[in-house]
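Text of coords-v8.csv, listed as CSV, C-alpha atoms and all ligand atoms:
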```
chain,number,residue,atom,x,y,z
A,1,MET,CA,-2.2,24.2,8.5
A,2,ILE,CA,-5.9,23.3,8.5
A,3,VAL,CA,-7.5,22.6,5.1
A,4,PRO,CA,-11.2,23.2,5.9
A,5,PRO,CA,-14.1,21.3,4.4
A,6,GLY,CA,-15.2,22.9,1.1
A,7,SER,CA,-11.6,22.9,-0.1
A,8,THR,CA,-10.3,20.8,-3.0
A,9,ILE,CA,-8.0,17.8,-2.4
A,10,GLY,CA,-5.8,16.7,-5.3
A,11,ILE,CA,-5.2,12.9,-5.6
A,12,ILE,CA,-2.5,11.6,-7.8
A,13,GLY,CA,-3.5,8.2,-9.1
A,14,GLY,CA,-7.1,7.3,-9.9
A,15,GLY,CA,-7.4,3.7,-9.0
A,16,GLN,CA,-9.6,2.1,-6.3
A,17,LEU,CA,-7.6,3.7,-3.5
A,18,GLY,CA,-8.2,7.2,-5.0
A,19,ARG,CA,-11.8,6.3,-5.5
A,20,MET,CA,-12.3,5.3,-1.8
A,21,LEU,CA,-10.3,8.4,-0.7
A,22,SER,CA,-12.6,10.6,-2.8
A,23,VAL,CA,-15.8,9.0,-1.3
A,24,ALA,CA,-14.4,9.6,2.3
A,25,ALA,CA,-13.4,13.1,1.5
A,26,ALA,CA,-16.8,13.9,0.0
A,27,GLN,CA,-18.4,12.8,3.3
A,28,LEU,CA,-16.4,15.5,5.1
A,29,GLY,CA,-17.4,18.1,2.5
A,30,TYR,CA,-14.3,18.2,0.4
A,31,ARG,CA,-14.0,18.0,-3.4
A,32,CYS,CA,-11.4,15.8,-5.0
A,33,HIS,CA,-9.5,16.4,-8.2
A,34,ILE,CA,-7.9,13.2,-9.7
A,35,PHE,CA,-4.6,13.3,-11.6
A,36,ASP,CA,-4.1,10.2,-13.7
A,37,PRO,CA,-2.8,9.4,-17.3
A,38,HIS,CA,-5.4,6.8,-18.1
A,39,GLU,CA,-8.6,7.3,-20.1
A,40,HIS,CA,-11.1,6.1,-17.5
A,41,PRO,CA,-9.5,6.1,-14.0
A,42,CYS,CA,-12.1,4.5,-11.7
A,43,ALA,CA,-11.7,7.3,-9.1
A,44,ALA,CA,-12.9,9.9,-11.7
A,45,ASP,CA,-16.5,8.5,-11.4
A,46,VAL,CA,-16.7,9.8,-7.9
A,47,ALA,CA,-14.5,13.0,-8.1
A,48,ALA,CA,-15.3,16.6,-8.8
A,49,GLY,CA,-12.5,17.1,-11.3
A,50,VAL,CA,-9.9,15.1,-13.4
A,51,THR,CA,-6.7,16.0,-15.1
A,52,ARG,CA,-5.5,13.4,-17.6
A,53,ALA,CA,-1.8,13.8,-18.0
A,54,ASP,CA,1.4,11.9,-17.6
A,55,TYR,CA,2.9,11.8,-14.1
A,56,THR,CA,6.1,13.3,-15.5
A,57,ASP,CA,4.2,16.3,-17.0
A,58,VAL,CA,5.5,19.1,-14.8
A,59,ASP,CA,3.3,21.8,-16.4
A,60,ALA,CA,0.2,19.7,-15.9
A,61,LEU,CA,1.2,18.9,-12.3
A,62,SER,CA,1.9,22.6,-11.6
A,63,ARG,CA,-1.6,23.6,-13.0
A,64,PHE,CA,-3.1,20.8,-10.9
A,65,GLY,CA,-1.2,22.1,-7.9
A,66,ALA,CA,-2.7,25.6,-8.4
A,67,GLU,CA,-6.3,24.2,-8.4
A,68,VAL,CA,-6.0,22.2,-5.1
A,69,GLU,CA,-5.4,23.2,-1.5
A,70,VAL,CA,-3.6,20.0,-0.6
A,71,ALA,CA,-2.4,17.1,-2.7
A,72,THR,CA,-1.8,13.4,-1.9
A,73,TYR,CA,-1.0,10.2,-3.8
A,74,GLU,CA,-2.6,6.8,-3.9
A,75,PHE,CA,0.4,4.8,-5.2
A,76,GLU,CA,4.1,5.0,-5.0
A,77,ASN,CA,5.4,4.5,-8.5
A,78,LEU,CA,5.5,8.2,-9.2
A,79,PRO,CA,8.5,10.4,-10.3
A,80,ALA,CA,9.4,12.1,-7.0
A,81,GLY,CA,11.4,14.8,-8.9
A,82,ALA,CA,8.3,15.9,-10.9
A,83,LEU,CA,6.1,16.0,-7.8
A,84,ASP,CA,8.5,18.4,-6.2
A,85,VAL,CA,6.6,21.1,-8.1
A,86,LEU,CA,3.7,20.6,-5.6
A,87,GLU,CA,6.1,21.6,-2.8
A,88,ARG,CA,4.4,22.0,0.6
A,89,LYS,CA,1.0,21.1,-0.7
A,90,LEU,CA,2.0,17.4,-1.1
A,91,ARG,CA,1.2,15.2,1.9
A,92,PRO,CA,2.9,12.8,2.5
A,93,GLY,CA,6.0,14.4,1.0
A,94,THR,CA,8.3,13.1,-1.7
A,95,ARG,CA,10.6,11.6,1.0
A,96,SER,CA,8.1,8.8,1.8
A,97,LEU,CA,7.7,8.2,-1.9
A,98,ALA,CA,11.4,8.0,-2.7
A,99,VAL,CA,12.0,5.5,0.1
A,100,ALA,CA,9.0,3.3,-0.6
A,101,GLN,CA,9.5,3.1,-4.4
A,102,ASP,CA,12.9,1.5,-4.3
A,103,ARG,CA,13.3,-1.8,-2.5
A,104,ALA,CA,17.0,-1.2,-1.8
A,105,GLU,CA,16.5,2.3,-0.5
A,106,GLU,CA,13.5,1.1,1.6
A,107,LYS,CA,15.5,-1.7,3.2
A,108,ARG,CA,18.5,0.6,4.0
A,109,PHE,CA,16.1,3.1,5.5
A,110,ILE,CA,14.2,0.6,7.6
A,111,GLU,CA,17.5,-0.8,8.9
A,112,SER,CA,18.6,2.7,9.7
A,113,CYS,CA,15.6,3.0,11.9
A,114,GLY,CA,16.8,-0.1,13.9
A,115,VAL,CA,14.0,-2.2,12.4
A,116,THR,CA,14.6,-5.8,11.1
A,117,VAL,CA,14.1,-6.8,7.4
A,118,ALA,CA,14.9,-10.1,5.8
A,119,ARG,CA,18.6,-10.6,5.1
A,120,TRP,CA,19.2,-9.1,1.7
A,121,ARG,CA,21.7,-8.1,-1.0
A,122,GLN,CA,21.6,-5.6,-3.8
A,123,ILE,CA,21.6,-7.2,-7.2
A,124,ASP,CA,23.0,-5.6,-10.4
A,125,SER,CA,24.3,-8.6,-12.3
A,126,LEU,CA,24.0,-12.4,-12.6
A,127,ASP,CA,27.2,-12.7,-10.6
A,128,ASP,CA,25.5,-10.8,-7.8
A,129,VAL,CA,22.7,-13.3,-7.8
A,130,ARG,CA,25.3,-16.2,-7.5
A,131,ALA,CA,27.0,-14.3,-4.7
A,132,ALA,CA,23.6,-13.8,-2.9
A,133,VAL,CA,22.9,-17.5,-3.1
A,134,ALA,CA,26.3,-18.2,-1.5
A,135,GLU,CA,25.8,-15.6,1.2
A,136,LEU,CA,22.1,-15.9,2.0
A,137,GLY,CA,21.6,-19.6,1.3
A,138,LEU,CA,18.4,-21.0,-0.3
A,139,PRO,CA,15.6,-20.3,-0.8
A,140,ILE,CA,15.9,-16.6,-1.8
A,141,VAL,CA,13.5,-14.4,-3.8
A,142,LEU,CA,14.7,-11.8,-6.4
A,143,LYS,CA,12.5,-8.6,-6.4
A,144,THR,CA,13.0,-5.8,-8.9
A,145,ARG,CA,13.9,-2.6,-7.0
A,146,ARG,CA,11.2,-0.6,-8.7
A,147,PHE,CA,7.7,-1.0,-10.2
A,148,GLY,CA,7.0,-4.3,-8.4
A,149,TYR,CA,3.6,-4.9,-6.8
A,150,ASP,CA,1.3,-7.8,-6.1
A,151,GLY,CA,4.1,-10.3,-6.5
A,152,LYS,CA,5.0,-8.9,-10.0
A,153,GLY,CA,8.7,-8.5,-10.7
A,154,GLN,CA,9.6,-11.4,-8.4
A,155,ALA,CA,11.3,-14.8,-8.9
A,156,TRP,CA,12.1,-17.4,-6.3
A,157,ILE,CA,15.4,-19.4,-6.4
A,158,ARG,CA,15.0,-22.7,-4.6
A,159,SER,CA,17.9,-24.6,-6.2
A,160,GLY,CA,21.0,-23.7,-8.2
A,161,ALA,CA,19.1,-24.5,-11.4
A,162,ASP,CA,16.7,-21.6,-10.7
A,163,VAL,CA,19.5,-18.9,-10.7
A,164,GLU,CA,19.5,-18.1,-14.4
A,165,PRO,CA,15.8,-18.5,-15.1
A,166,ALA,CA,15.1,-16.2,-12.1
A,167,TRP,CA,17.5,-13.5,-13.5
A,168,GLU,CA,15.7,-13.8,-16.8
A,169,THR,CA,12.3,-13.5,-15.2
A,170,ILE,CA,13.2,-10.2,-13.7
A,171,ARG,CA,14.8,-9.3,-17.1
A,172,GLY,CA,18.2,-8.4,-15.5
A,173,LYS,CA,16.7,-5.3,-13.9
A,174,PRO,CA,18.3,-3.8,-10.7
A,175,ALA,CA,16.9,-5.9,-7.9
A,176,VAL,CA,17.3,-7.1,-4.4
A,177,ALA,CA,17.7,-10.7,-3.3
A,178,GLU,CA,15.9,-11.5,0.0
A,179,ALA,CA,16.3,-14.6,2.1
A,180,GLY,CA,13.1,-16.6,2.2
A,181,VAL,CA,11.5,-15.9,5.6
A,182,ASP,CA,10.0,-18.9,7.5
A,183,PHE,CA,7.0,-17.1,8.9
A,184,ALA,CA,3.9,-18.3,10.8
A,185,ALA,CA,1.7,-15.6,9.4
A,186,GLU,CA,1.7,-12.1,7.9
A,187,PHE,CA,0.1,-9.0,9.3
A,188,SER,CA,0.3,-5.2,8.8
A,189,VAL,CA,0.4,-2.1,10.9
A,190,ILE,CA,-1.6,0.7,9.5
A,191,VAL,CA,-0.8,4.0,11.1
A,192,ALA,CA,-2.0,7.5,10.4
A,193,ARG,CA,0.4,10.3,11.3
A,194,TRP,CA,-0.2,14.0,11.6
A,195,ALA,CA,2.4,16.8,10.8
A,196,ASP,CA,2.7,17.5,14.5
A,197,GLY,CA,3.6,13.9,15.3
A,198,ARG,CA,0.1,12.7,16.6
A,199,HIS,CA,-0.8,9.3,15.3
A,200,ALA,CA,-3.6,6.8,15.2
A,201,LEU,CA,-3.3,3.0,14.8
A,202,TRP,CA,-5.9,0.4,14.0
A,203,ASP,CA,-6.1,-3.2,15.1
A,204,SER,CA,-3.6,-5.1,13.0
A,205,PRO,CA,-5.1,-7.4,10.3
A,206,GLU,CA,-3.7,-10.8,9.6
A,207,ASN,CA,-3.1,-11.0,5.8
A,208,ALA,CA,-3.4,-14.2,3.7
A,209,HIS,CA,-2.0,-14.0,0.1
A,210,ARG,CA,-2.7,-16.1,-3.0
A,211,ASN,CA,-0.2,-16.0,-5.9
A,212,GLY,CA,1.5,-13.0,-4.3
A,213,ILE,CA,-1.8,-11.0,-4.1
A,214,LEU,CA,-3.6,-10.2,-0.9
A,215,HIS,CA,-6.6,-12.5,-0.6
A,216,ARG,CA,-8.0,-11.9,2.8
A,217,SER,CA,-7.4,-9.6,5.8
A,218,THR,CA,-8.9,-10.6,9.2
A,219,VAL,CA,-9.2,-8.7,12.4
A,220,PRO,CA,-8.5,-9.6,15.1
A,221,CYS,CA,-5.3,-11.4,14.0
A,222,GLY,CA,-4.3,-14.8,15.3
A,223,GLU,CA,-2.0,-15.4,18.2
A,224,ALA,CA,1.2,-15.8,16.1
A,225,CYS,CA,0.7,-12.1,15.0
A,226,ALA,CA,-1.0,-10.7,18.1
A,227,SER,CA,2.1,-11.5,20.2
A,228,GLN,CA,4.2,-9.4,17.9
A,229,VAL,CA,1.9,-6.4,17.3
A,230,ALA,CA,3.3,-4.2,20.1
A,231,GLU,CA,6.9,-4.5,18.8
A,232,ALA,CA,5.7,-4.1,15.2
A,233,ARG,CA,3.7,-0.9,16.1
A,234,GLU,CA,6.7,0.6,17.7
A,235,ALA,CA,8.8,-0.2,14.6
A,236,ALA,CA,6.1,1.3,12.3
A,237,LEU,CA,6.0,4.5,14.4
A,238,ARG,CA,9.7,4.9,14.3
A,239,ILE,CA,9.6,4.5,10.5
A,240,ALA,CA,6.7,7.1,10.2
A,241,ASP,CA,8.5,9.6,12.4
A,242,ALA,CA,11.8,9.2,10.6
A,243,LEU,CA,10.1,9.8,7.3
A,244,GLY,CA,8.2,12.8,8.7
A,245,HIS,CA,5.2,11.1,7.1
A,246,VAL,CA,1.8,12.8,7.0
A,247,GLY,CA,-1.2,10.6,6.3
A,248,VAL,CA,-1.6,6.8,6.4
A,249,LEU,CA,1.5,4.6,6.2
A,250,THR,CA,1.3,0.8,6.0
A,251,VAL,CA,4.0,-1.5,7.2
A,252,GLU,CA,3.7,-5.2,6.2
A,253,PHE,CA,5.3,-7.7,8.5
A,254,PHE,CA,6.2,-11.4,8.6
A,255,ALA,CA,5.5,-13.0,12.0
A,256,ALA,CA,8.7,-15.0,12.2
A,257,LYS,CA,10.0,-17.1,15.2
A,258,SER,CA,12.6,-14.4,15.9
A,259,GLY,CA,10.0,-11.6,16.0
A,260,PRO,CA,8.4,-9.2,13.5
A,261,ILE,CA,10.3,-8.8,10.2
A,262,VAL,CA,9.3,-6.0,7.8
A,263,ASN,CA,8.4,-7.1,4.3
A,264,GLU,CA,7.7,-3.7,2.8
A,265,ILE,CA,6.1,-0.3,3.5
A,266,ALA,CA,3.5,1.5,1.5
A,267,PRO,CA,3.3,5.3,2.0
A,268,ARG,CA,-0.5,5.3,1.6
A,269,VAL,CA,-3.8,3.7,2.4
A,270,HIS,CA,-3.5,-0.1,1.8
A,271,ASN,CA,-5.6,-3.0,0.7
A,272,SER,CA,-5.2,-4.7,4.1
A,273,GLY,CA,-7.0,-1.7,5.6
A,274,HIS,CA,-10.2,-1.8,3.5
A,275,TRP,CA,-12.0,-3.6,6.4
A,276,THR,CA,-11.8,-0.3,8.3
A,277,ILE,CA,-14.6,1.2,6.1
A,278,GLU,CA,-17.2,-0.8,8.0
A,279,GLY,CA,-15.1,-2.5,10.7
A,280,ALA,CA,-13.7,0.6,12.4
A,281,VAL,CA,-15.3,3.9,13.6
A,282,THR,CA,-13.0,5.9,11.3
A,283,SER,CA,-11.8,4.3,8.1
A,284,GLN,CA,-8.2,4.5,6.8
A,285,PHE,CA,-9.5,6.6,4.0
A,286,GLU,CA,-11.2,9.2,6.2
A,287,GLN,CA,-8.3,9.2,8.6
A,288,HIS,CA,-5.9,9.9,5.7
A,289,ILE,CA,-8.0,12.9,4.7
A,290,ARG,CA,-8.2,14.1,8.3
A,291,ALA,CA,-4.4,13.8,8.7
A,292,ILE,CA,-3.5,15.6,5.5
A,293,CYS,CA,-6.1,18.3,6.1
A,294,GLY,CA,-5.0,18.8,9.8
A,295,LEU,CA,-8.4,17.8,11.2
A,296,PRO,CA,-8.3,15.9,14.6
A,297,PRO,CA,-7.8,12.1,14.5
A,298,GLY,CA,-11.0,10.0,14.5
A,299,SER,CA,-11.5,7.0,16.7
A,300,THR,CA,-10.0,3.7,15.3
A,301,ASP,CA,-12.1,1.5,17.6
A,302,LEU,CA,-13.7,-1.6,16.1
A,303,THR,CA,-17.4,-1.3,15.3
A,304,GLY,CA,-18.0,-5.0,16.1
A,305,ALA,CA,-16.0,-7.9,17.4
A,306,GLY,CA,-13.9,-8.0,14.3
A,307,ALA,CA,-14.0,-8.0,10.5
A,308,SER,CA,-12.9,-9.9,7.5
A,309,MET,CA,-12.2,-8.5,4.1
A,310,GLU,CA,-12.0,-10.6,1.0
A,311,ASN,CA,-10.6,-9.3,-2.3
A,312,LEU,CA,-12.5,-9.9,-5.5
A,313,ILE,CA,-9.8,-10.5,-8.1
A,314,GLY,CA,-10.5,-10.9,-11.8
A,315,GLN,CA,-13.4,-13.3,-12.4
A,316,ASP,CA,-14.3,-13.3,-8.6
A,317,ILE,CA,-16.3,-10.2,-9.4
A,318,GLU,CA,-18.9,-12.4,-11.2
A,319,ARG,CA,-20.0,-13.4,-7.7
A,320,TRP,CA,-21.5,-10.0,-7.2
A,321,PRO,CA,-25.2,-11.1,-7.5
A,322,GLN,CA,-24.8,-13.5,-4.5
A,323,LEU,CA,-22.6,-11.1,-2.5
A,324,VAL,CA,-25.0,-8.2,-2.9
A,325,ALA,CA,-27.8,-10.4,-1.7
A,326,GLU,CA,-25.9,-11.7,1.4
A,327,ALA,CA,-27.2,-10.2,4.6
A,328,GLY,CA,-24.6,-8.1,6.3
A,329,ALA,CA,-22.0,-8.3,3.6
A,330,HIS,CA,-20.6,-5.0,2.5
A,331,LEU,CA,-19.8,-5.2,-1.2
A,332,HIS,CA,-17.5,-2.7,-2.9
A,333,ILE,CA,-17.2,-2.7,-6.7
A,334,TYR,CA,-14.5,-0.5,-8.1
A,335,GLY,CA,-16.1,0.1,-11.5
A,336,LYS,CA,-13.0,-0.8,-13.5
A,337,GLY,CA,-14.6,-2.5,-16.5
A,338,GLU,CA,-12.7,-5.6,-17.8
A,339,ALA,CA,-12.1,-8.3,-15.2
A,340,ARG,CA,-8.5,-9.3,-16.2
A,341,PRO,CA,-6.8,-12.1,-14.3
A,342,GLY,CA,-5.0,-10.7,-11.2
A,343,ARG,CA,-6.9,-7.3,-11.4
A,344,LYS,CA,-8.4,-6.0,-8.2
A,345,MET,CA,-12.1,-5.5,-9.1
A,346,GLY,CA,-13.7,-5.1,-5.7
A,347,HIS,CA,-13.8,-6.4,-2.2
A,348,VAL,CA,-16.4,-7.6,0.4
A,349,THR,CA,-16.2,-7.0,4.1
A,350,ARG,CA,-18.1,-8.9,6.8
A,351,VAL,CA,-18.2,-7.4,10.2
A,352,VAL,CA,-18.4,-9.8,13.1
A,353,SER,CA,-21.1,-8.7,15.6
A,354,ARG,CA,-20.3,-8.5,19.3
B,401,LIG,P1,5.6,-8.5,-1.8
B,401,LIG,O1,5.1,-8.2,-3.2
B,401,LIG,O2,7.0,-8.2,-1.6
B,401,LIG,O3,4.7,-8.1,-0.7
B,401,LIG,O4,5.5,-10.2,-1.7
B,401,LIG,C1,4.2,-10.8,-1.9
B,401,LIG,C2,4.1,-12.0,-1.0
B,401,LIG,O5,5.2,-12.9,-1.3
B,401,LIG,C3,4.4,-11.7,0.5
B,401,LIG,O6,3.2,-11.2,1.1
B,401,LIG,C4,4.7,-13.0,1.0
B,401,LIG,O7,3.6,-13.9,1.2
B,401,LIG,C5,5.6,-13.6,-0.1
B,401,LIG,N1,7.1,-13.2,0.2
B,401,LIG,C6,7.6,-12.0,-0.2
B,401,LIG,N2,8.9,-11.9,0.2
B,401,LIG,C7,9.1,-13.0,1.0
B,401,LIG,C8,10.3,-13.5,1.7
B,401,LIG,N3,11.4,-12.9,1.8
B,401,LIG,N4,10.1,-14.7,2.4
B,401,LIG,C9,8.9,-15.4,2.4
B,401,LIG,N5,7.9,-15.0,1.7
B,401,LIG,C10,7.9,-13.8,1.0
```
Taking this structure as input, can you express it in the form of structure tokens?
Amino acid sequence: MIVPPGSTIGIIGGGQLGRMLSVAAAQLGYRCHIFDPHEHPCAADVAAGVTRADYTDVDALSRFGAEVEVATYEFENLPAGALDVLERKLRPGTRSLAVAQDRAEEKRFIESCGVTVARWRQIDSLDDVRAAVAELGLPIVLKTRRFGYDGKGQAWIRSGADVEPAWETIRGKPAVAEAGVDFAAEFSVIVARWADGRHALWDSPENAHRNGILHRSTVPCGEACASQVAEAREAALRIADALGHVGVLTVEFFAAKSGPIVNEIAPRVHNSGHWTIEGAVTSQFEQHIRAICGLPPGSTDLTGAGASMENLIGQDIERWPQLVAEAGAHLHIYGKGEARPGRKMGHVTRVVSR
């Protein structure tokens, strides 16, 4: 099915990813309609239409579905059941959503694809945490199965004394315990997949985190990651194929001594792919629109020798006057208002010339 330019694309979620998807879609002549429960979703500033309703509001979703030719989502904490009302208009489908929004389902699914994740155990009680410490050793990290992002809903256990505080930190919610991975670096594979199985991959960025939040993505990645990219790409494609995924899928990896280990997957465009806006011929946002609309894949070649993207988190955004004056720096401000600590307010990309 080809959704031609001039059509309306529905985007569920109106954050910065929805905003950058809308901008890319507009360039190709599409109109975007944002569905978001918040009062001022930042994507609404650049979209043709907005529905303000709860993600569980099946009537509102069904009206939204009637107004758009194709629908997509920009984050994964959505009720897969309610989105079923969009049926075949939803790309990627609810399968990708259901797998990616539950860390236990995600790990089971990735393992079923023959891909390695950190050793893990499902956690439903404090006794399970104690058993996980005994089986996995230390350190381990507890992560809530659902609604965790940017290091939220996580607690490390480095000694026996951390067991109960960690369980309290995650408030006794259903969780997974993961063995701490001793990695040299982190990187991601960003793949766009079409309904007929065609796919496109970008150079893999090396990702540096601060306080559990992505700080910087750099292309090309360093040697520790580069030597694992081929195996990681094969793993990411196996996962995308098994999901029947349509659109961009991001797989985050640890470059461990034993080889690439999947940290998590995101069934969507990803922060570690923001550099593609200026650093690649076709950005992850445009490619996602191309894939869900059935247009041909765009080139993912680099536009320069490489690129580096730095997130502007919280008060970092106050640097905008210097950044906007910096020759060659591509500044993106998301228009979100209050710069709360930990909030992604913008990013800046610098392309390395050849
Ligand atoms: P996540 O929200 O799961 O992506 O975790 C945020 C960051 O915490 C990751 O990018 C890693 O830097 C670190 N981290 C998460 N899980 C592990 C693990 N099992 N071993 C070592 N570091 C981890």
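Non-sequential neighbours of Leu61 (chain A) (distance at most 12 Å, separation of 6 or more positions within a chain, all atoms listed in the file) are Gly10, Ile11, Ile12, His33, Ile34, Phe35, Asp36, Pro37, Val50, Thr51, Arg52, Ala53, Asp54, Tyr55, Glu67, Val68, Ala71, Leu78, Pro79, Ala80, Gly81, Ala82, Leu83, Asp84, Val85, Leu86, Glu87, Lys89 and Leu90 of chain A.
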Hey, which residues come within 9 Å of ligand LIG 401 (chain B) if we count only C-alpha atoms and all ligand atoms? Could you give them as number ranges by chain? A: 117-120, 139-143, 148-154, 177-183, 185-186, 207-214, 252-254, 263-265
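Non-sequential neighbours of region 343-349 of chain A (distance at most 6 Å, separation of 6 or more positions within a chain, all atoms listed in the file) are A:Trp275, A:Ser308, A:Met309, A:Glu310, A:Asn311, A:Leu312, A:Ile313, A:Gly314, A:Ala329, A:His330, A:Leu331, A:His332, A:Ile333, A:Tyr334.
Reported to one decimal place, the separation of CA of Gly244 (chain A) from CA of Pro205 (chain A) is 24.2 Å.
Residues in contact with Asp162 (chain A) at 12 Å, where all atoms listed in the file are counted and same-chain residues fewer than 4 positions away are skipped, are listed as Leu126, Val129, Arg130, Val133, Leu138, Pro139, Ile140, Val141, Leu142, Ala155, Trp156, Ile157, Arg158, Ala166, Trp167, Glu168 and Thr169 of chain A.
Shortest separation to Ala195 (chain A) among A:Val352, A:Met1, A:Leu237, A:Ala26 occurs at residue A:Met1, atoms counted being all atoms listed in the file.
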Would you please work out which residue, of A:His199, A:Arg103, A:Arg19, A:Arg31, is nearest to Arg146 (chain A) when using all atoms listed in the file? A:Arg103
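Here CA of Glu105 (chain A) and CA of Ala256 (chain A) stand 22.8 Å from one another.
The interatomic distance for the pair CA of Trp202 (chain A) and CA of Ala25 (chain A) works out to 19.3 Å.
If all atoms listed in the file are the atoms counted, then among A:Asn77, A:Ser188, A:Thr276, A:Gln315 the closest residue to Arg145 (chain A) is A:Asn77.
Among the candidate residues A:Ala242, A:Leu136, A:Ala280, A:Val229, the one lying nearest to Gly306 (chain A) is A:Ala280, with distances computed using only C-alpha atoms.
Residue nearest Ser204 (chain A) within the list A:Ser272, A:Thr56, A:Ser159, A:Thr144: A:Ser272 [criterion: smallest interatomic distance, all atoms listed in the file].
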Restricting the calculation to only C-alpha atoms, which member of A:Arg319, A:His274, A:Arg268, A:His288 is positioned closest to Trp194 (chain A)? A:His288
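For Glu74 (chain A), the residues within 6 Å (counting only C-alpha atoms, excluding itself and residues fewer than 6 positions away along the chain) are A:Gly13, A:Leu17, A:Gly18.
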